[in-house]
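Data from start_2.txt: compact mmCIF, C-alpha atoms
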```
# COMPACT_ATOMS: atom_id res chain seq x y z
CA MET T 28 0.00 0.00 0.00
CA ALA T 29 1.39 3.39 -0.97
CA LEU T 30 2.08 5.89 1.78
CA LEU T 31 -0.03 9.09 1.88
CA ASN T 32 1.46 12.52 1.53
CA LYS T 33 0.41 15.15 4.06
CA SER T 34 -1.49 16.96 1.30
CA ASP T 35 -3.69 13.85 0.83
CA TRP T 36 -4.56 13.37 4.52
CA HIS T 37 -7.72 15.50 4.44
CA ASN T 38 -9.06 13.35 1.59
CA SER T 39 -8.40 10.07 3.41
CA ALA T 40 -10.97 7.82 5.06
CA PRO T 41 -11.02 7.52 8.87
CA LEU T 42 -8.89 4.80 10.40
CA TRP T 43 -12.11 3.21 11.74
CA GLN T 44 -15.80 4.09 11.85
CA ASN T 45 -16.18 7.56 13.40
CA GLY T 46 -12.44 7.49 14.08
CA PRO T 47 -9.74 10.05 13.31
CA VAL T 48 -8.50 10.82 9.84
CA PRO T 49 -4.76 10.08 9.50
CA GLY T 50 -2.77 13.11 10.62
CA ALA T 51 -5.72 14.69 12.48
CA PHE T 52 -6.66 14.91 16.15
CA TYR T 53 -9.45 12.76 17.50
CA ASN T 54 -12.36 14.38 19.36
CA PHE T 55 -13.29 11.97 22.13
CA PRO T 56 -17.01 11.45 22.83
CA GLY T 57 -18.27 13.92 25.41
CA SER T 58 -15.47 16.41 24.83
CA SER T 59 -16.14 20.05 24.11
CA ALA T 60 -17.38 20.66 20.57
CA GLN T 61 -15.30 23.84 20.45
CA SER T 62 -12.08 21.97 21.16
CA ASN T 63 -10.09 20.42 18.35
CA VAL T 64 -7.99 18.28 20.66
CA GLY T 65 -10.53 17.07 23.22
CA GLY T 66 -10.49 17.57 26.98
CA PHE T 67 -9.71 20.84 28.74
CA GLN T 68 -6.68 23.08 28.45
CA ARG T 69 -5.05 23.92 31.79
CA SER T 70 -2.51 26.59 32.62
CA GLN T 71 0.78 24.79 33.11
CA ALA T 72 2.70 27.71 34.57
CA PRO T 73 1.96 30.86 36.61
CA MET T 74 2.16 34.28 34.93
CA THR T 75 2.63 37.20 37.35
CA THR T 76 4.32 35.88 40.47
CA GLY T 77 5.52 36.99 43.86
CA THR T 78 8.58 35.49 45.47
CA SER T 79 9.42 34.58 49.08
CA VAL T 80 7.20 34.95 52.13
CA VAL T 81 8.75 34.64 55.60
CA GLY T 82 7.10 34.14 58.96
CA ILE T 83 8.30 33.79 62.56
CA GLN T 84 6.79 33.58 66.01
CA PHE T 85 8.02 35.90 68.76
CA LYS T 86 7.15 36.13 72.44
CA ASP T 87 3.72 37.73 72.11
CA GLY T 88 2.75 37.24 68.48
CA VAL T 89 3.49 36.30 64.90
CA LEU T 90 5.15 38.25 62.10
CA ILE T 91 4.82 37.66 58.33
CA ALA T 92 6.69 39.61 55.62
CA ALA T 93 6.69 39.66 51.80
CA ASP T 94 7.95 42.13 49.23
CA VAL T 95 5.62 44.01 46.87
CA LEU T 96 7.04 42.97 43.50
CA GLY T 97 5.03 41.12 40.88
CA SER T 98 7.34 39.52 38.31
CA TYR T 99 6.05 38.89 34.78
CA GLY T 100 8.46 36.09 33.98
CA SER T 101 11.84 37.72 34.59
CA LEU T 102 10.44 41.25 34.12
CA ALA T 103 9.99 43.26 37.35
CA ARG T 104 6.71 44.64 36.06
CA PHE T 105 4.38 45.38 39.00
CA ARG T 106 5.98 47.09 42.00
CA ASN T 107 3.08 47.65 44.37
CA LEU T 108 1.39 44.26 44.76
CA GLU T 109 0.33 43.63 48.34
CA ARG T 110 0.81 39.99 49.36
CA VAL T 111 0.17 40.24 53.10
CA MET T 112 -3.44 40.61 54.20
CA LYS T 113 -5.44 40.90 57.40
CA VAL T 114 -8.06 38.14 57.42
CA ASN T 115 -9.69 39.09 60.71
CA ASP T 116 -8.60 40.14 64.20
CA ASN T 117 -7.09 36.68 64.76
CA ILE T 118 -5.35 35.93 61.44
CA ILE T 119 -2.85 37.34 58.97
CA LEU T 120 -2.00 35.71 55.64
CA GLY T 121 1.00 35.94 53.30
CA ALA T 122 1.01 34.58 49.75
CA GLY T 123 3.68 33.71 47.21
CA GLY T 124 3.36 32.40 43.67
CA ASP T 125 0.78 33.36 41.07
CA TYR T 126 -0.87 36.66 41.96
CA ALA T 127 -4.10 36.03 40.05
CA ASP T 128 -4.64 32.79 41.96
CA TYR T 129 -3.99 34.65 45.19
CA GLN T 130 -6.58 37.27 44.23
CA CYS T 131 -9.11 34.51 43.59
CA LEU T 132 -8.55 32.88 46.97
CA LYS T 133 -8.41 36.26 48.68
CA SER T 134 -11.87 37.14 47.38
CA ASN T 135 -13.19 33.77 48.58
CA ILE T 136 -11.70 34.32 52.05
CA GLU T 137 -13.14 37.84 52.25
CA ARG T 138 -16.54 36.43 51.27
CA LYS T 139 -16.29 33.85 54.06
CA ILE T 140 -15.45 36.58 56.58
CA LEU T 141 -18.37 38.73 55.39
CA GLU T 142 -20.80 35.82 55.68
CA GLU T 143 -19.46 35.13 59.17
CA GLN T 144 -20.04 38.75 60.19
CA CYS T 145 -23.58 38.65 58.79
CA LEU T 146 -24.39 35.57 60.90
CA ASP T 147 -23.33 37.52 64.02
CA ASP T 148 -23.31 34.33 66.11
CA GLY T 149 -20.23 35.24 68.14
CA LEU T 150 -18.01 32.76 66.31
CA VAL T 151 -14.95 33.85 64.34
CA LEU T 152 -12.66 32.07 61.90
CA LYS T 153 -9.55 30.73 63.62
CA PRO T 154 -6.08 30.31 62.09
CA LYS T 155 -6.08 26.50 62.28
CA ALA T 156 -9.47 26.42 60.56
CA LEU T 157 -8.24 28.67 57.73
CA HIS T 158 -5.07 26.58 57.42
CA CYS T 159 -7.14 23.38 57.15
CA TRP T 160 -9.58 24.95 54.64
CA LEU T 161 -6.74 26.18 52.41
CA THR T 162 -5.12 22.74 52.58
CA ARG T 163 -8.33 21.07 51.37
CA VAL T 164 -8.90 23.66 48.61
CA LEU T 165 -5.35 23.47 47.25
CA TYR T 166 -5.26 19.67 47.43
CA ASN T 167 -8.61 19.48 45.62
CA ARG T 168 -7.37 21.74 42.82
CA ARG T 169 -4.12 19.80 42.58
CA SER T 170 -6.11 16.55 42.30
CA SER T 171 -8.13 18.13 39.46
CA PHE T 172 -4.86 18.92 37.62
CA ASP T 173 -5.75 22.62 37.84
CA PRO T 174 -3.73 23.84 40.84
CA PHE T 175 -3.63 27.21 42.49
CA TRP T 176 0.05 28.12 41.99
CA ASN T 177 0.57 29.52 45.47
CA ASN T 178 2.39 29.05 48.74
CA PHE T 179 0.54 30.46 51.75
CA ILE T 180 1.75 31.26 55.24
CA ILE T 181 -0.97 31.65 57.87
CA GLY T 182 -0.25 33.28 61.19
CA GLY T 183 -2.58 33.92 64.08
CA ILE T 184 -3.63 33.52 67.66
CA GLU T 185 -6.04 30.82 68.78
CA ASP T 186 -7.10 30.36 72.39
CA ASP T 187 -4.22 32.60 73.48
CA LYS T 188 -1.74 30.32 71.66
CA LEU T 189 0.40 31.31 68.69
CA PHE T 190 -0.01 29.55 65.35
CA LEU T 191 2.12 29.67 62.20
CA GLY T 192 1.43 27.27 59.35
CA THR T 193 1.96 26.92 55.62
CA VAL T 194 0.41 25.13 52.66
CA ASP T 195 1.68 24.88 49.08
CA LYS T 196 0.08 24.27 45.68
CA LEU T 197 0.16 20.48 46.20
CA GLY T 198 -1.79 20.70 49.44
CA THR T 199 1.29 19.89 51.52
CA ALA T 200 0.80 21.57 54.89
CA TYR T 201 2.58 21.84 58.23
CA SER T 202 3.02 24.25 61.13
CA ASP T 203 6.27 25.50 62.65
CA PRO T 204 7.54 28.54 64.61
CA VAL T 205 9.74 29.49 61.63
CA ILE T 206 8.54 29.25 58.01
CA ALA T 207 9.78 30.66 54.70
CA SER T 208 8.50 29.90 51.21
CA GLY T 209 9.95 30.25 47.73
CA TYR T 210 13.64 31.14 47.51
CA GLY T 211 13.45 32.12 51.15
CA ALA T 212 13.07 28.45 52.09
CA TYR T 213 16.78 28.11 51.22
CA MET T 214 18.20 31.53 52.09
CA ALA T 215 15.99 32.79 54.93
CA THR T 216 15.13 29.67 56.94
CA PRO T 217 18.67 29.08 58.33
CA ILE T 218 18.90 32.69 59.55
CA LEU T 219 15.44 32.65 61.11
CA ARG T 220 15.86 29.23 62.70
CA LYS T 221 19.25 30.08 64.21
CA ALA T 222 17.88 33.29 65.74
CA TYR T 223 14.74 31.55 67.03
CA THR T 224 16.73 28.69 68.55
CA GLU T 225 18.98 31.14 70.39
CA ASN T 226 16.11 33.30 71.63
CA LYS T 227 12.61 31.80 71.58
CA GLU T 228 11.33 34.67 73.74
CA MET T 229 12.42 37.44 71.36
CA SER T 230 10.51 40.70 71.57
CA LYS T 231 8.46 42.27 68.80
CA GLU T 232 11.24 44.76 68.07
CA GLN T 233 13.85 42.00 67.84
CA ALA T 234 11.62 40.03 65.46
CA ILE T 235 11.14 43.09 63.25
CA ASP T 236 14.91 43.70 63.12
CA LEU T 237 15.50 40.03 62.29
CA VAL T 238 12.99 40.05 59.44
CA TYR T 239 14.54 43.27 58.10
CA LYS T 240 17.90 41.48 57.94
CA VAL T 241 16.33 38.45 56.25
CA MET T 242 14.53 40.56 53.64
CA GLN T 243 17.81 42.36 52.97
CA VAL T 244 19.57 39.03 52.36
CA LEU T 245 16.80 37.98 49.98
CA TYR T 246 17.05 41.31 48.15
CA TYR T 247 20.76 40.68 47.58
CA ARG T 248 20.39 37.03 46.57
CA ASP T 249 16.97 36.61 44.92
CA ALA T 250 16.66 38.04 41.41
CA ARG T 251 12.85 38.23 41.79
CA SER T 252 12.90 40.25 45.02
CA PHE T 253 12.44 43.98 45.61
CA PRO T 254 13.72 46.50 48.20
CA LYS T 255 10.20 47.29 49.47
CA TYR T 256 8.20 44.90 51.60
CA GLN T 257 5.09 44.59 53.73
CA LEU T 258 5.06 43.52 57.35
CA GLY T 259 2.07 41.83 58.97
CA ILE T 260 2.13 41.72 62.77
CA ILE T 261 -0.40 40.07 65.06
CA THR T 262 -0.04 40.21 68.84
CA LYS T 263 -2.06 38.95 71.77
CA ASP T 264 -2.75 42.48 73.00
CA GLY T 265 -2.39 44.78 70.02
CA GLY T 266 -4.43 42.96 67.36
CA VAL T 267 -3.39 43.05 63.71
CA GLU T 268 -1.14 45.63 62.08
CA ILE T 269 -0.05 45.74 58.41
CA GLN T 270 2.96 47.98 57.90
CA GLY T 271 4.52 49.15 54.68
CA PRO T 272 5.70 49.21 52.08
CA LEU T 273 8.92 49.51 54.09
CA THR T 274 12.17 50.27 52.27
CA LEU T 275 15.38 48.25 52.55
CA ASP T 276 18.83 49.80 52.54
CA GLY T 277 21.22 48.23 50.05
CA TYR T 278 24.87 48.61 49.17
CA TRP T 279 25.97 47.58 45.67
CA GLY T 280 29.50 48.96 45.71
CA PRO T 281 32.58 46.75 45.30
CA ALA T 282 33.37 44.41 48.16
CA VAL T 283 36.48 45.22 50.16
CA MET T 284 39.06 42.40 49.98
```

Would you mind giving the structure from this file in structure tokens?
Amino acid sequence: MALLNKSDWHNSAPLWQNGPVPGAFYNFPGSSAQSNVGGFQRSQAPMTTGTSVVGIQFKDGVLIAADVLGSYGSLARFRNLERVMKVNDNIILGAGGDYADYQCLKSNIERKILEEQCLDDGLVLKPKALHCWLTRVLYNRRSSFDPFWNNFIIGGIEDDKLFLGTVDKLGTAYSDPVIASGYGAYMATPILRKAYTENKEMSKEQAIDLVYKVMQVLYYRDARSFPKYQLGIITKDGGVEIQGPLTLDGYWGPAVM
């Protein structure tokens, strides 16, 4: 049997009844009529992204920090994207990864808080509950092969106890007194953990100074970072405070020796 040229494919008979023509895609039964390849097309990579988020517990509260840069690939395009939010009087949240996915989940969280306020039943969302909910949402999307491309750090106070937890796009979750996501997991975690191990009862001011140093290290080492960052602070007495954008000092002159 003679082989067909590509120019003759569209004139060929299907390989089997209702099957594909040689050289053409096959539309599976039940697939979208508008699709030429069948199934659904998923985004395989994030677009506008934020880099590291760092979090640490101190004596009377929790602190979370993230810079305000949104990178479009390797282009430092958006320089005022807020990635630390106040959820309620008990919780702060920091997000890394795809900013559009963060905006989607942020709107869902704000809707949950609004519904809770409308019920007015005296109950409020707690940090462990938000951490568990985000874990289930992200794992569900991962299992549907349509993940939210984010890493979240959740900090808060529950029953007068401090909580700091994280969950990534795969639904992998854990809690720890020191957490950093993105590039900060490699560059910031050793600095934070060493300082926390040496002084677990550090004050708020000491924690702020430590995070400033860590964000400075990330600014020097991470090509997707920025010298302005937000600081989310939650304390047992003072409630929630979102500071920033705060500016980092940097020195880019030649190193001595």

Pairwise distance for atom CA of Phe85 of chain T and atom CA of Gly209 of chain T, rounded to one decimal in Å: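 These atoms are spaced 21.9 Å apart.
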
Test item: residues at most 9 Å from Leu96 of chain T, only C-alpha atoms, excluding those fewer than 4 positions along its chain, as a list in words: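 Skipping anything fewer than 4 positions along the chain leaves Thr76, Gly77, Thr78, Ala103, Arg104, Phe105, Arg106, Asn107, Leu108, Glu109, Arg251, Ser252, Phe253, Pro254, Lys255 and Tyr256 of chain T.
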
Resulting file, chosen residues, C-alpha atoms, as a tab-separated table (two decimals), in the coordinates of the input:
```tsv
chain	number	residue	atom	x	y	z
T	76	THR	CA	4.32	35.88	40.47
T	77	GLY	CA	5.52	36.99	43.86
T	78	THR	CA	8.58	35.49	45.47
T	103	ALA	CA	9.99	43.26	37.35
T	104	ARG	CA	6.71	44.64	36.06
T	105	PHE	CA	4.38	45.38	39.00
T	106	ARG	CA	5.98	47.09	42.00
T	107	ASN	CA	3.08	47.65	44.37
T	108	LEU	CA	1.39	44.26	44.76
T	109	GLU	CA	0.33	43.63	48.34
T	251	ARG	CA	12.85	38.23	41.79
T	252	SER	CA	12.90	40.25	45.02
T	253	PHE	CA	12.44	43.98	45.61
T	254	PRO	CA	13.72	46.50	48.20
T	255	LYS	CA	10.20	47.29	49.47
T	256	TYR	CA	8.20	44.90	51.60
```

Separation of atom CA of Met74 of chain T from atom CA of Tyr126 of chain T in Å: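 Going from atom CA of Tyr126 of chain T over to atom CA of Met74 of chain T, I get 8.0 Å.
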
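Minimum distance to Val151 of chain T across T:Ile184, T:Leu245, T:Leu273, T:Val89 (counting only C-alpha atoms) occurs at T:Ile184.
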
Counting all atoms listed in the file, find the residues whose atoms lie at most 8 Å from (0.2, 43.6, 62.0) (file coordinates) and write them out as a PDB file with C-alpha atoms, in the frame of the given file.
```
ATOM      1  CA  LEU T  90       5.150  38.250  62.100  1.00  0.00           C
ATOM      2  CA  LYS T 113      -5.440  40.900  57.400  1.00  0.00           C
ATOM      3  CA  ILE T 119      -2.850  37.340  58.970  1.00  0.00           C
ATOM      4  CA  LEU T 258       5.060  43.520  57.350  1.00  0.00           C
ATOM      5  CA  GLY T 259       2.070  41.830  58.970  1.00  0.00           C
ATOM      6  CA  ILE T 260       2.130  41.720  62.770  1.00  0.00           C
ATOM      7  CA  ILE T 261      -0.400  40.070  65.060  1.00  0.00           C
ATOM      8  CA  THR T 262      -0.040  40.210  68.840  1.00  0.00           C
ATOM      9  CA  GLY T 266      -4.430  42.960  67.360  1.00  0.00           C
ATOM     10  CA  VAL T 267      -3.390  43.050  63.710  1.00  0.00           C
ATOM     11  CA  GLU T 268      -1.140  45.630  62.080  1.00  0.00           C
ATOM     12  CA  ILE T 269      -0.050  45.740  58.410  1.00  0.00           C
ATOM     13  CA  GLN T 270       2.960  47.980  57.900  1.00  0.00           C
TER      14      GLN T 270
END
```

Residues near Leu197 of chain T, cut-off 9 Å, only C-alpha atoms, skip fewer than 6 positions along chain, as a list in words: Thr162, Leu165, Tyr166, Asn167, Arg168, Arg169, Ser170, Pro174, Phe175 and Trp176 of chain T

Between atom CA of Ala212 of chain T and atom CA of Pro281 of chain T - distance in Å to one decimal: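 Taking atom CA of Pro281 of chain T and atom CA of Ala212 of chain T, their separation equals 27.6 Å.
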
All residues 7 Å or closer to Tyr210 of chain T, all atoms listed in the file, same chain fewer than 4 positions away omitted, as number ranges by chain: T: 78-79, 214, 249

Go ahead and save the residues from that selection, with C-alpha atoms, as a PDB file, keeping the file's coordinate frame.
```
ATOM      1  CA  THR T  78       8.580  35.490  45.470  1.00  0.00           C
ATOM      2  CA  SER T  79       9.420  34.580  49.080  1.00  0.00           C
ATOM      3  CA  MET T 214      18.200  31.530  52.090  1.00  0.00           C
ATOM      4  CA  ASP T 249      16.970  36.610  44.920  1.00  0.00           C
TER       5      ASP T 249
END
```

For Ala93 of chain T, the nearest of the candidates T:Phe179, T:Phe190, T:Tyr278, T:Tyr247, counting all atoms listed in the file: T:Phe179

Residues near Asn177 of chain T, cut-off 7 Å, only C-alpha atoms, skip fewer than 2 positions along chain, as a list in words: Ala122, Gly123, Gly124, Asp125, Tyr129, Phe175, Phe179, Asp195 and Lys196 of chain T

Counting only C-alpha atoms, the residue of T:Val80, T:Val114, T:Asp87, T:Gly100 that sits nearest Ala207 of chain T: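 Residue with the minimum atom-to-atom distance to Ala207 of chain T: T:Val80.
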
Among the residues T:Leu146, T:Val241, T:Ala200, T:Ile140, the one that comes closest to Gly82 of chain T [using only C-alpha atoms]: T:Val241
